[in-house]
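Asks: So here's query01.txt (compact mmCIF, C-alpha atoms).
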# COMPACT_ATOMS: atom_id res chain seq x y z
CA ILE A 803 15.23 -22.55 7.69
CA SER A 804 16.12 -20.25 10.61
CA ALA A 805 18.36 -18.18 8.31
CA ARG A 806 15.49 -17.79 5.83
CA ALA A 807 13.16 -16.74 8.64
CA LEU A 808 15.60 -14.11 9.92
CA LEU A 809 16.14 -12.72 6.43
CA GLY A 810 12.39 -12.66 5.88
CA GLU A 811 11.92 -10.74 9.13
CA ALA A 812 14.53 -8.19 8.08
CA LEU A 813 12.88 -7.88 4.68
CA ASP A 814 9.42 -7.38 6.18
CA LEU A 815 10.74 -4.59 8.40
CA ALA A 816 12.58 -2.95 5.52
CA VAL A 817 9.51 -3.05 3.26
CA GLN A 818 7.32 -1.61 6.02
CA ARG A 819 9.62 1.39 6.33
CA ASP A 820 10.79 1.76 2.72
CA ALA A 821 14.37 1.09 3.84
CA GLY A 822 15.82 0.40 0.40
CA PRO A 823 19.42 -0.52 1.35
CA LEU A 824 18.25 -2.95 4.03
CA ALA A 825 15.70 -4.53 1.68
CA ARG A 826 18.34 -4.98 -1.01
CA ARG A 827 20.69 -6.75 1.38
CA ALA A 828 17.91 -8.98 2.69
CA TRP A 829 17.07 -10.02 -0.87
CA SER A 830 20.77 -10.64 -1.51
CA GLY A 831 20.97 -12.85 1.55
CA LEU A 832 17.99 -14.86 0.33
CA VAL A 833 19.64 -15.28 -3.08
CA GLU A 834 22.82 -16.61 -1.46
CA LEU A 835 20.80 -18.95 0.75
CA GLU A 836 18.92 -20.43 -2.21
CA ILE A 837 22.17 -20.81 -4.18
CA ASP A 838 24.46 -22.19 -1.49
CA LEU A 839 22.13 -24.12 0.81
CA ALA A 840 18.92 -24.92 -1.02
CA LEU A 841 20.53 -25.30 -4.47
CA ASP A 842 17.25 -24.03 -5.91
CA PRO A 843 17.81 -21.97 -9.08
CA GLU A 844 14.15 -20.96 -9.47
CA ALA A 845 13.83 -19.61 -5.92
CA ALA A 846 17.22 -17.93 -6.27
CA GLN A 847 16.15 -16.30 -9.56
CA TRP A 848 12.93 -15.02 -7.97
CA ALA A 849 14.85 -13.37 -5.11
CA TRP A 850 17.59 -12.14 -7.48
CA GLN A 851 15.07 -10.26 -9.62
CA ARG A 852 13.79 -8.42 -6.56
CA GLU A 853 17.32 -7.66 -5.38
CA SER A 854 18.09 -6.29 -8.85
CA ARG A 855 15.09 -3.95 -8.76
CA ALA A 856 15.95 -2.75 -5.25
CA LEU A 857 19.55 -2.10 -6.29
CA ALA A 858 18.48 -0.16 -9.39
CA GLU A 859 16.55 2.23 -7.14
CA LEU A 860 19.68 2.95 -5.07
CA GLY A 861 22.09 3.53 -7.96
CA PRO A 862 24.44 0.54 -7.66
CA THR A 863 28.18 0.84 -7.19
CA ALA A 864 30.56 -1.15 -9.38
CA LEU A 865 31.05 -3.63 -6.53
CA GLU A 866 27.31 -4.16 -6.23
CA ARG A 867 26.91 -4.61 -9.99
CA GLY A 868 29.65 -7.21 -9.85
CA GLY A 869 27.96 -9.01 -6.97
CA LEU A 870 24.66 -9.10 -8.81
CA ALA A 871 26.29 -10.49 -11.95
CA SER A 872 28.19 -13.05 -9.88
CA GLN A 873 24.92 -14.29 -8.37
CA ALA A 874 23.38 -14.51 -11.84
CA ALA A 875 26.32 -16.69 -12.90
CA ALA A 876 25.80 -19.01 -9.93
CA ILE A 877 22.10 -19.37 -10.76
CA ALA A 878 22.95 -20.18 -14.38
CA SER A 879 25.46 -22.78 -13.19
CA LEU A 880 22.80 -24.44 -11.03
CA ARG A 881 20.69 -24.73 -14.18
CA GLY A 882 23.62 -26.20 -16.12
CA ASP A 883 23.73 -23.23 -18.53
CA LEU A 884 27.47 -22.67 -18.98
CA GLY A 885 26.98 -20.03 -21.68
CA ALA A 886 24.84 -17.82 -19.47
CA SER A 887 27.17 -18.40 -16.52
CA GLU A 888 30.19 -17.32 -18.57
CA ALA A 889 28.44 -14.18 -19.83
CA ALA A 890 27.44 -13.18 -16.30
CA LEU A 891 30.93 -13.84 -14.93
CA ARG A 892 32.47 -11.67 -17.65
CA GLU A 893 30.05 -8.91 -16.65
CA ALA A 894 31.13 -9.34 -13.02
CA VAL A 895 34.82 -9.19 -14.01
CA ALA A 896 34.24 -5.91 -15.86
CA ALA A 897 32.44 -4.43 -12.84
CA TYR A 898 35.14 -5.46 -10.38
CA GLU A 899 37.84 -4.06 -12.65
CA GLN A 900 35.93 -0.77 -12.73
CA ALA A 901 35.82 -0.78 -8.91
CA GLY A 902 39.62 -0.63 -8.75
CA PHE A 903 41.44 -1.85 -5.65
CA ALA A 904 38.21 -2.17 -3.66
CA GLY A 905 37.08 -4.89 -6.07
CA ARG A 906 40.41 -6.65 -6.54
CA LEU A 907 39.77 -9.55 -4.16
CA ARG A 908 36.43 -10.31 -5.81
CA LEU A 909 38.10 -9.92 -9.22
CA VAL A 910 40.59 -12.69 -8.40
CA THR A 911 37.92 -15.16 -7.29
CA THR A 912 35.65 -14.28 -10.24
CA LEU A 913 38.45 -14.80 -12.76
CA GLU A 914 39.10 -18.19 -11.19
CA ARG A 915 35.41 -19.11 -11.50
CA LEU A 916 35.37 -17.89 -15.09
CA ALA A 917 38.44 -19.98 -15.91
CA PHE A 918 36.68 -23.07 -14.53
CA VAL A 919 33.54 -22.43 -16.59
CA VAL A 920 35.56 -21.82 -19.76
CA GLY A 921 37.58 -24.98 -19.10
CA ALA A 922 34.37 -26.97 -18.64
CA SER A 923 33.34 -25.73 -22.09
CA GLY A 924 36.46 -27.33 -23.59
CA ARG A 925 38.46 -24.13 -24.28
CA GLU A 926 41.72 -24.99 -22.58
CA GLN A 927 43.81 -22.10 -23.95
CA ASP A 928 41.21 -19.54 -22.86
CA MET A 929 41.12 -21.21 -19.44
CA LEU A 930 44.90 -20.91 -19.05
CA ALA A 931 44.81 -17.24 -20.06
CA LEU A 932 42.14 -16.49 -17.45
CA GLN A 933 44.11 -18.33 -14.77
CA GLN A 934 47.12 -16.16 -15.61
CA ARG A 935 44.96 -13.04 -15.29
CA ALA A 936 43.75 -14.26 -11.91
CA ARG A 937 47.32 -14.80 -10.69
CA ALA A 938 48.37 -11.36 -11.95
CA ALA A 939 45.42 -9.72 -10.20
CA GLU A 940 46.26 -11.58 -7.01
CA LEU A 941 49.81 -10.24 -7.09
CA GLU A 942 48.41 -6.71 -7.33
CA LEU A 943 46.15 -7.31 -4.37
CA ASP A 944 48.11 -5.65 -1.58
CA ALA A 945 47.19 -5.23 2.07
CA SER A 946 45.45 -1.91 1.49
CA ALA A 947 43.09 -3.45 -1.04
CA ARG A 948 42.14 -6.27 1.32
CA ALA A 949 41.65 -3.78 4.12
CA ALA A 950 39.36 -1.60 1.98
CA ASP A 951 37.25 -4.60 1.03
CA ASP A 952 36.95 -5.67 4.67
CA LEU A 953 36.10 -2.13 5.75
CA ALA A 954 33.28 -1.88 3.21
CA SER A 955 31.77 -5.18 4.34
CA SER A 956 32.00 -4.15 7.99
CA ALA A 957 30.43 -0.78 7.21
CA ASP A 958 27.57 -2.51 5.38
CA HIS A 959 26.94 -4.60 8.49
CA ASP A 960 26.96 -1.54 10.76
CA PHE A 961 24.66 0.36 8.39
CA ASP A 962 22.12 -2.47 8.32
CA ARG A 963 22.12 -2.76 12.10
CA GLY A 964 21.72 1.00 12.40
CA GLN A 965 18.76 1.00 10.04
CA LEU A 966 17.11 -1.84 11.96
CA ALA A 967 17.64 -0.01 15.25
CA LEU A 968 16.19 3.22 13.79
CA LEU A 969 13.10 1.46 12.48
CA ALA A 970 12.62 -0.19 15.87
CA GLY A 971 12.89 3.18 17.64
CA ARG A 972 16.21 2.39 19.38
CA HIS A 973 17.76 5.73 18.55
CA ASP A 974 20.94 5.60 20.65
CA GLU A 975 21.86 2.23 19.17
CA ALA A 976 21.02 3.47 15.66
CA ALA A 977 23.27 6.52 16.05
CA GLU A 978 26.16 4.40 17.34
CA GLN A 979 25.94 1.85 14.51
CA LEU A 980 25.51 4.46 11.78
CA GLU A 981 28.41 6.57 13.05
CA ARG A 982 30.57 3.43 12.86
CA ALA A 983 29.30 2.76 9.34
CA LEU A 984 30.16 6.33 8.35
CA ILE A 985 33.76 5.89 9.50
CA GLY A 986 34.01 2.56 7.69
CA TYR A 987 32.64 3.87 4.40
CA ARG A 988 34.97 6.88 4.52
CA GLN A 989 37.98 4.65 5.06
CA ALA A 990 36.91 2.18 2.38
CA SER A 991 35.85 4.52 -0.42
CA GLY A 992 36.62 8.11 0.49
CA SER A 993 34.61 10.88 2.12
CA GLU A 994 32.44 11.68 -0.93
CA SER A 995 31.08 8.29 -1.95
CA PRO A 996 27.32 7.68 -2.35
CA ARG A 997 27.39 5.29 0.62
CA VAL A 998 28.83 8.05 2.81
CA ALA A 999 26.05 10.40 1.66
CA GLN A 1000 23.43 7.72 2.31
CA THR A 1001 24.75 7.20 5.84
CA HIS A 1002 24.69 10.95 6.51
CA VAL A 1003 21.00 10.94 5.51
CA ALA A 1004 20.27 8.05 7.87
CA LEU A 1005 22.05 9.87 10.71
CA ALA A 1006 20.07 13.03 9.97
CA GLN A 1007 16.89 10.96 10.32
CA VAL A 1008 18.06 9.51 13.65
CA TYR A 1009 18.91 12.88 15.15
CA ASP A 1010 15.75 14.50 13.79
CA ALA A 1011 13.70 11.70 15.36
CA THR A 1012 15.13 12.61 18.77
CA GLY A 1013 14.98 16.38 18.32
CA ALA A 1014 18.76 16.90 18.02
CA LEU A 1015 18.37 19.37 15.17
CA ASP A 1016 21.93 20.71 15.08
CA ASP A 1017 23.32 17.21 14.60
CA ALA A 1018 20.60 16.37 12.09
CA GLU A 1019 21.34 19.51 10.08
CA HIS A 1020 25.07 18.81 10.04
CA HIS A 1021 24.57 15.36 8.53
CA ALA A 1022 21.92 16.51 6.06
CA GLU A 1023 24.19 19.31 4.82
CA GLN A 1024 27.11 16.89 4.47
CA ALA A 1025 24.94 14.51 2.43
CA ASP A 1026 23.68 17.29 0.18
CA ALA A 1027 27.21 18.57 -0.45
CA ILE A 1028 28.32 15.08 -1.53
CA CYS A 1029 25.34 14.74 -3.84
CA LEU A 1030 26.03 18.07 -5.51
CA ALA A 1031 29.74 17.36 -5.87
CA THR A 1032 29.64 13.77 -7.10
CA LEU A 1033 26.12 12.70 -8.11
CA GLY A 1034 24.52 15.83 -9.54
CA PRO A 1035 21.63 18.05 -8.42
CA ALA A 1036 18.87 15.75 -9.73
CA HIS A 1037 20.14 12.40 -8.39
CA PRO A 1038 17.46 10.42 -6.48
CA LEU A 1039 19.58 10.43 -3.32
CA ARG A 1040 19.43 14.23 -3.32
CA ALA A 1041 15.67 14.07 -2.85
CA ALA A 1042 16.37 12.38 0.49
CA THR A 1043 18.96 14.98 1.52
CA LEU A 1044 16.62 17.85 0.62
CA SER A 1045 13.76 16.19 2.48
CA ALA A 1046 15.96 15.98 5.57
CA LEU A 1047 16.98 19.64 5.24
CA GLY A 1048 13.38 20.70 4.67
CA THR A 1049 12.19 18.80 7.74
CA ILE A 1050 14.82 20.48 9.90
CA ALA A 1051 13.88 23.92 8.55
CA LEU A 1052 10.21 23.21 9.24
CA ARG A 1053 10.92 22.13 12.82
CA ARG A 1054 12.78 25.40 13.30
CA GLY A 1055 9.84 27.41 12.00
CA ASP A 1056 11.31 28.42 8.63
CA ALA A 1057 8.39 27.52 6.36
CA ALA A 1058 9.85 29.30 3.33
CA ALA A 1059 13.15 27.36 3.46
CA ALA A 1060 11.28 24.12 4.07
CA SER A 1061 8.96 24.71 1.10
CA ALA A 1062 11.90 25.51 -1.18
CA ALA A 1063 13.72 22.30 -0.24
CA PHE A 1064 10.59 20.14 -0.47
CA ARG A 1065 9.63 21.55 -3.89
CA VAL A 1066 13.00 20.56 -5.35
CA ALA A 1067 12.74 17.11 -3.74
CA LEU A 1068 9.26 16.74 -5.23
CA ARG A 1069 10.52 17.63 -8.73
CA ILE A 1070 13.27 15.02 -8.43
CA GLU A 1071 10.76 12.37 -7.36
CA GLN A 1072 8.37 13.32 -10.15
CA THR A 1073 11.13 12.84 -12.70
CA ARG A 1074 12.24 9.55 -11.17
CA ALA A 1075 8.87 8.01 -10.41
CA GLY A 1076 7.17 8.93 -13.65
CA GLY A 1077 4.00 10.02 -11.89
CA GLY A 1078 3.63 7.59 -8.99
CA GLY A 1079 5.20 5.70 -6.12
CA ALA A 1080 5.57 5.94 -2.37
CA ASP A 1081 8.58 8.28 -2.46
CA LEU A 1082 6.68 10.75 -4.63
CA ALA A 1083 3.69 10.64 -2.28
CA LEU A 1084 5.89 11.26 0.75
CA ALA A 1085 7.52 14.22 -1.02
CA ARG A 1086 4.04 15.69 -1.53
CA SER A 1087 3.20 15.13 2.13
CA ASN A 1088 6.37 16.93 3.21
CA LEU A 1089 5.58 19.88 0.97
CA ALA A 1090 2.02 20.00 2.30
CA GLU A 1091 3.29 20.47 5.86
CA ALA A 1092 5.59 23.31 4.83
CA LEU A 1093 2.73 24.98 2.94
CA ILE A 1094 0.49 24.74 6.00
CA ALA A 1095 3.17 26.36 8.13
CA GLY A 1096 3.39 29.12 5.49
CA ARG A 1097 -0.43 29.51 5.48
CA GLU A 1098 -0.75 28.37 1.85
CA LEU A 1099 -3.68 26.19 2.84
CA ASP A 1100 -5.39 25.54 -0.50
CA GLU A 1101 -2.28 24.14 -2.15
CA ALA A 1102 -1.40 22.33 1.07
CA ARG A 1103 -4.75 20.53 1.07
CA THR A 1104 -4.35 19.55 -2.59
CA GLN A 1105 -0.88 18.13 -2.00
CA ALA A 1106 -1.93 16.29 1.17
CA GLU A 1107 -4.95 14.70 -0.51
CA LEU A 1108 -2.83 13.63 -3.50
CA ALA A 1109 -0.20 12.22 -1.15
CA LEU A 1110 -2.73 10.15 0.76
CA THR A 1111 -4.33 8.83 -2.45
CA GLU A 1112 -0.96 7.90 -3.97
CA LEU A 1113 0.38 6.32 -0.81
CA ARG A 1114 -2.77 4.25 -0.30
CA ALA A 1115 -2.31 2.94 -3.84
CA ALA A 1116 1.36 2.13 -3.25
CA LEU A 1117 1.33 0.67 0.27
CA PRO A 1118 -0.73 -1.73 2.41
CA PRO A 1119 -3.40 -0.07 4.59
CA ASP A 1120 -1.45 -0.49 7.84
CA HIS A 1121 1.86 0.82 6.52
CA PRO A 1122 3.48 3.26 9.00
CA ASP A 1123 4.29 5.83 6.31
CA LEU A 1124 0.58 6.51 5.83
CA ALA A 1125 0.81 8.47 9.08
CA TYR A 1126 2.55 11.31 7.24
CA PRO A 1127 -0.19 12.28 4.76
CA HIS A 1128 -2.84 11.62 7.44
CA LYS A 1129 -1.01 14.07 9.68
CA ALA A 1130 -0.67 16.66 6.90
CA LEU A 1131 -4.31 16.38 5.88
CA GLY A 1132 -5.48 16.48 9.49
CA TRP A 1133 -3.38 19.56 10.12
CA VAL A 1134 -4.64 21.49 7.10
CA LEU A 1135 -8.26 20.59 7.89
CA LEU A 1136 -7.68 21.83 11.44
CA GLU A 1137 -6.40 25.15 10.09
CA LEU A 1138 -9.41 25.36 7.77
CA GLY A 1139 -11.81 24.79 10.68
CA ASP A 1140 -12.95 21.28 9.76
CA LEU A 1141 -12.41 19.79 13.21
CA ALA A 1142 -14.25 16.53 12.54
CA GLY A 1143 -12.19 15.87 9.43
CA ALA A 1144 -9.00 16.84 11.27
CA ARG A 1145 -9.74 14.43 14.13
CA GLU A 1146 -10.41 11.58 11.71
CA HIS A 1147 -7.07 11.90 9.95
CA LEU A 1148 -5.01 12.67 13.05
CA ARG A 1149 -6.45 9.66 14.86
CA SER A 1150 -5.59 7.53 11.83
CA ALA A 1151 -2.03 8.86 12.05
CA MET A 1152 -1.82 8.14 15.78
CA ALA A 1153 -3.01 4.55 15.22
CA LEU A 1154 0.00 3.78 13.02
CA PRO A 1155 3.48 3.00 14.44
CA SER A 1156 6.30 5.49 14.04
CA TRP A 1157 10.05 5.41 14.57
CA SER A 1158 10.07 9.18 15.29
CA ASP A 1159 9.25 10.42 18.78
CA VAL A 1160 9.09 13.98 17.45
CA GLU A 1161 6.48 13.07 14.80
CA MET A 1162 4.27 11.34 17.35
CA HIS A 1163 4.45 14.31 19.72
CA GLU A 1164 3.50 16.68 16.89
CA ILE A 1165 0.54 14.52 15.87
CA ALA A 1166 -0.61 14.31 19.50
CA ALA A 1167 -0.40 18.10 19.86
CA LEU A 1168 -2.48 18.65 16.71
CA LEU A 1169 -5.06 16.12 17.87
CA ALA A 1170 -5.30 17.88 21.23
CA ARG A 1171 -6.10 21.11 19.39
CA ALA A 1172 -8.76 19.38 17.29
CA THR A 1173 -10.42 17.84 20.36
CA GLY A 1174 -10.24 20.92 22.59
CA PRO A 1175 -13.22 22.92 23.90
CA ALA A 1176 -13.94 24.33 20.44
CA GLY A 1177 -14.08 20.77 18.99
Could you render the structure as structure tokens?
Replies:
Amino acid sequence: ISARALLGEALDLAVQRDAGPLARRAWSGLVELEIDLALDPEAAQWAWQRESRALAELGPTALERGGLASQAAAIASLRGDLGASEAALREAVAAYEQAGFAGRLRLVTTLERLAFVVGASGREQDMLALQQRARAAELELDASARAADDLASSADHDFDRGQLALLAGRHDEAAEQLERALIGYRQASGSESPRVAQTHVALAQVYDATGALDDAEHHAEQADAICLATLGPAHPLRAATLSALGTIALRRGDAAAASAAFRVALRIEQTRAGGGGADLALARSNLAEALIAGRELDEARTQAELALTELRAALPPDHPDLAYPHKALGWVLLELGDLAGAREHLRSAMALPSWSDVEMHEIAALLARATGPAG
């Protein structure tokens, strides 16, 4: 019960902050709990479906696809459905084979599970063939493969702790954990893997939140270079790297560069979201701020109003991310001379929690302008 409560707490925090990787791992932990401890296939299936959706948003690696299929096999086994379990295990085997050495340890154990399921179905010759495959794969599993697997698991742990620390506003701890995760991911899967890029983005967010713009820019540029080299210019992760670069440009007073980055991020989100979603709304809010800084106030107001409408539809009313469109709309109304409207939205933004000290200082400065002698 305590494990379920801790996982639920991590999930609540991840959902509040749209921390996709953390949410996916929390769902995965709940799946494992329901499979291994509760032995409840229905509860496990419910959590598995949500893990699957969260993973689809991130662009799963071969290892993650294998893990998802392996869980599906365990759920089918709890239900006594050997056919479905076998099909899922074969899918997991294919994914782990695609992962190469990093997936070899999981491949061995999955082949052994598959052999057991096939044997339970009365196909002895097939079972023996799978056992031979498992032994052959085990022989190929050298020390470097085991080390890579351990490094990836350790890096996942460091990344999750870093994300939790960031969302709780513990920036020094977040930077330390994420830097460790970055080293681990590089050692496990190379310097240009999606997980490395994702960790660079998280580090850019940490350093931006504390005002360390040079460090933030370095990590954002590294993430964007990986995206362009390995994932393509329109990959969903690139929207995050461009948003980080645009935010840094905006903080440095380069409205034109910020607008250019945010417009590309918005196009990526529009393609991915199909016309809705929290990420799309936040991309609009980012663009609105850059447009305000560039004195394009009419378009800025339109984007900010759309962002607030879309985010209200996508998130609960007390969600921290609502602070961003409230800030953007308050700022543009301030520039347009609507001080009462500006105060309303800026106070709404101030009332919501934030993991970024810089954001809160900016909102407070805008609110001070809106409540000055002229207001």
Asks: Looking at A:Ala1057, A:Leu913, A:Leu1099, A:Ala897, which one is nearest to Arg867 in chain A, with distances taken over all atoms listed in the file?
Replies: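 Using all atoms listed in the file, Arg867 in chain A sits closest to A:Ala897.
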Asks: Do you know which residues are at most 6 Å from Ala1102 in chain A counting only C-alpha atoms, after dropping those on the same chain fewer than 5 positions away, and could you put them as a CSV table (one decimal) with C-alpha atoms, in the coordinates of the input?
Replies:
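out_17.csv written:
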chain,number,residue,atom,x,y,z
A,1090,ALA,CA,2.0,20.0,2.3
A,1093,LEU,CA,2.7,25.0,2.9
A,1094,ILE,CA,0.5,24.7,6.0
Asks: In Å, with one decimal, what is the gap from CA of Leu1089 in chain A to CA of Ala1041 in chain A?
Replies: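 CA of Ala1041 in chain A lies 12.3 Å from CA of Leu1089 in chain A.
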Asks: Give me, as a list in words, all polymer residues having an atom no more than 12 Å from Glu978 in chain A, counting all atoms listed in the file and skipping those fewer than 6 positions away in the same chain.
Replies: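 Using all atoms listed in the file, the neighbours found are Asp960, Phe961, Arg963, Gly964, Gln965, Ala967, Leu968, Arg972, Leu984, Ile985, Thr1001, Ala1004, Leu1005, Val1008 and Tyr1009 of chain A.
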Asks: Report, in Å to a single decimal, how far apart CA of Pro843 in chain A and CA of Ile877 in chain A are.
Replies: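 Spanning CA of Ile877 in chain A to CA of Pro843 in chain A is a straight-line distance of 5.3 Å.
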Asks: Could you pull the residues within 12 Å of Ser923 in chain A, counting all atoms listed in the file, minus those fewer than 3 positions along the same chain, as a short mmCIF file (atom, residue, chain, number, x, y, z; two decimals) with C-alpha atoms, keeping the file's coordinate frame?
Replies:
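Below you can see out.cif, which holds the result:
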data_model
loop_
_atom_site.label_atom_id
_atom_site.label_comp_id
_atom_site.auth_asym_id
_atom_site.auth_seq_id
_atom_site.Cartn_x
_atom_site.Cartn_y
_atom_site.Cartn_z
CA GLY A 882 23.62 -26.20 -16.12
CA ASP A 883 23.73 -23.23 -18.53
CA LEU A 884 27.47 -22.67 -18.98
CA GLY A 885 26.98 -20.03 -21.68
CA ALA A 886 24.84 -17.82 -19.47
CA SER A 887 27.17 -18.40 -16.52
CA GLU A 888 30.19 -17.32 -18.57
CA LEU A 916 35.37 -17.89 -15.09
CA ALA A 917 38.44 -19.98 -15.91
CA PHE A 918 36.68 -23.07 -14.53
CA VAL A 919 33.54 -22.43 -16.59
CA VAL A 920 35.56 -21.82 -19.76
CA GLU A 926 41.72 -24.99 -22.58
CA GLN A 927 43.81 -22.10 -23.95
CA ASP A 928 41.21 -19.54 -22.86
CA MET A 929 41.12 -21.21 -19.44
#
Asks: Output, as AutoDock Vina command-line options, the centre and edge lengths in Å (one decimal) of the axis-aligned box that contains all listed atoms of range 1085-1102 of chain A with 6 Å of margin on each side.
Replies:
--center_x 1.1 --center_y 21.9 --center_z 3.0 --size_x 24.9 --size_y 27.3 --size_z 22.3
Asks: Using only C-alpha atoms for the distances, tell me which of A:Arg1053, A:Leu969, A:Gln933, A:Gly869 is nearest to Gly921 in chain A.
Replies: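 Ranking A:Arg1053, A:Leu969, A:Gln933, A:Gly869 by distance to Gly921 in chain A, first place goes to A:Gln933.
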Asks: Please compute the CA of Arg1065 in chain A-CA of Ala1011 in chain A distance, one decimal, in Å.
Replies: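 Taking CA of Arg1065 in chain A and CA of Ala1011 in chain A, their separation equals 22.0 Å.
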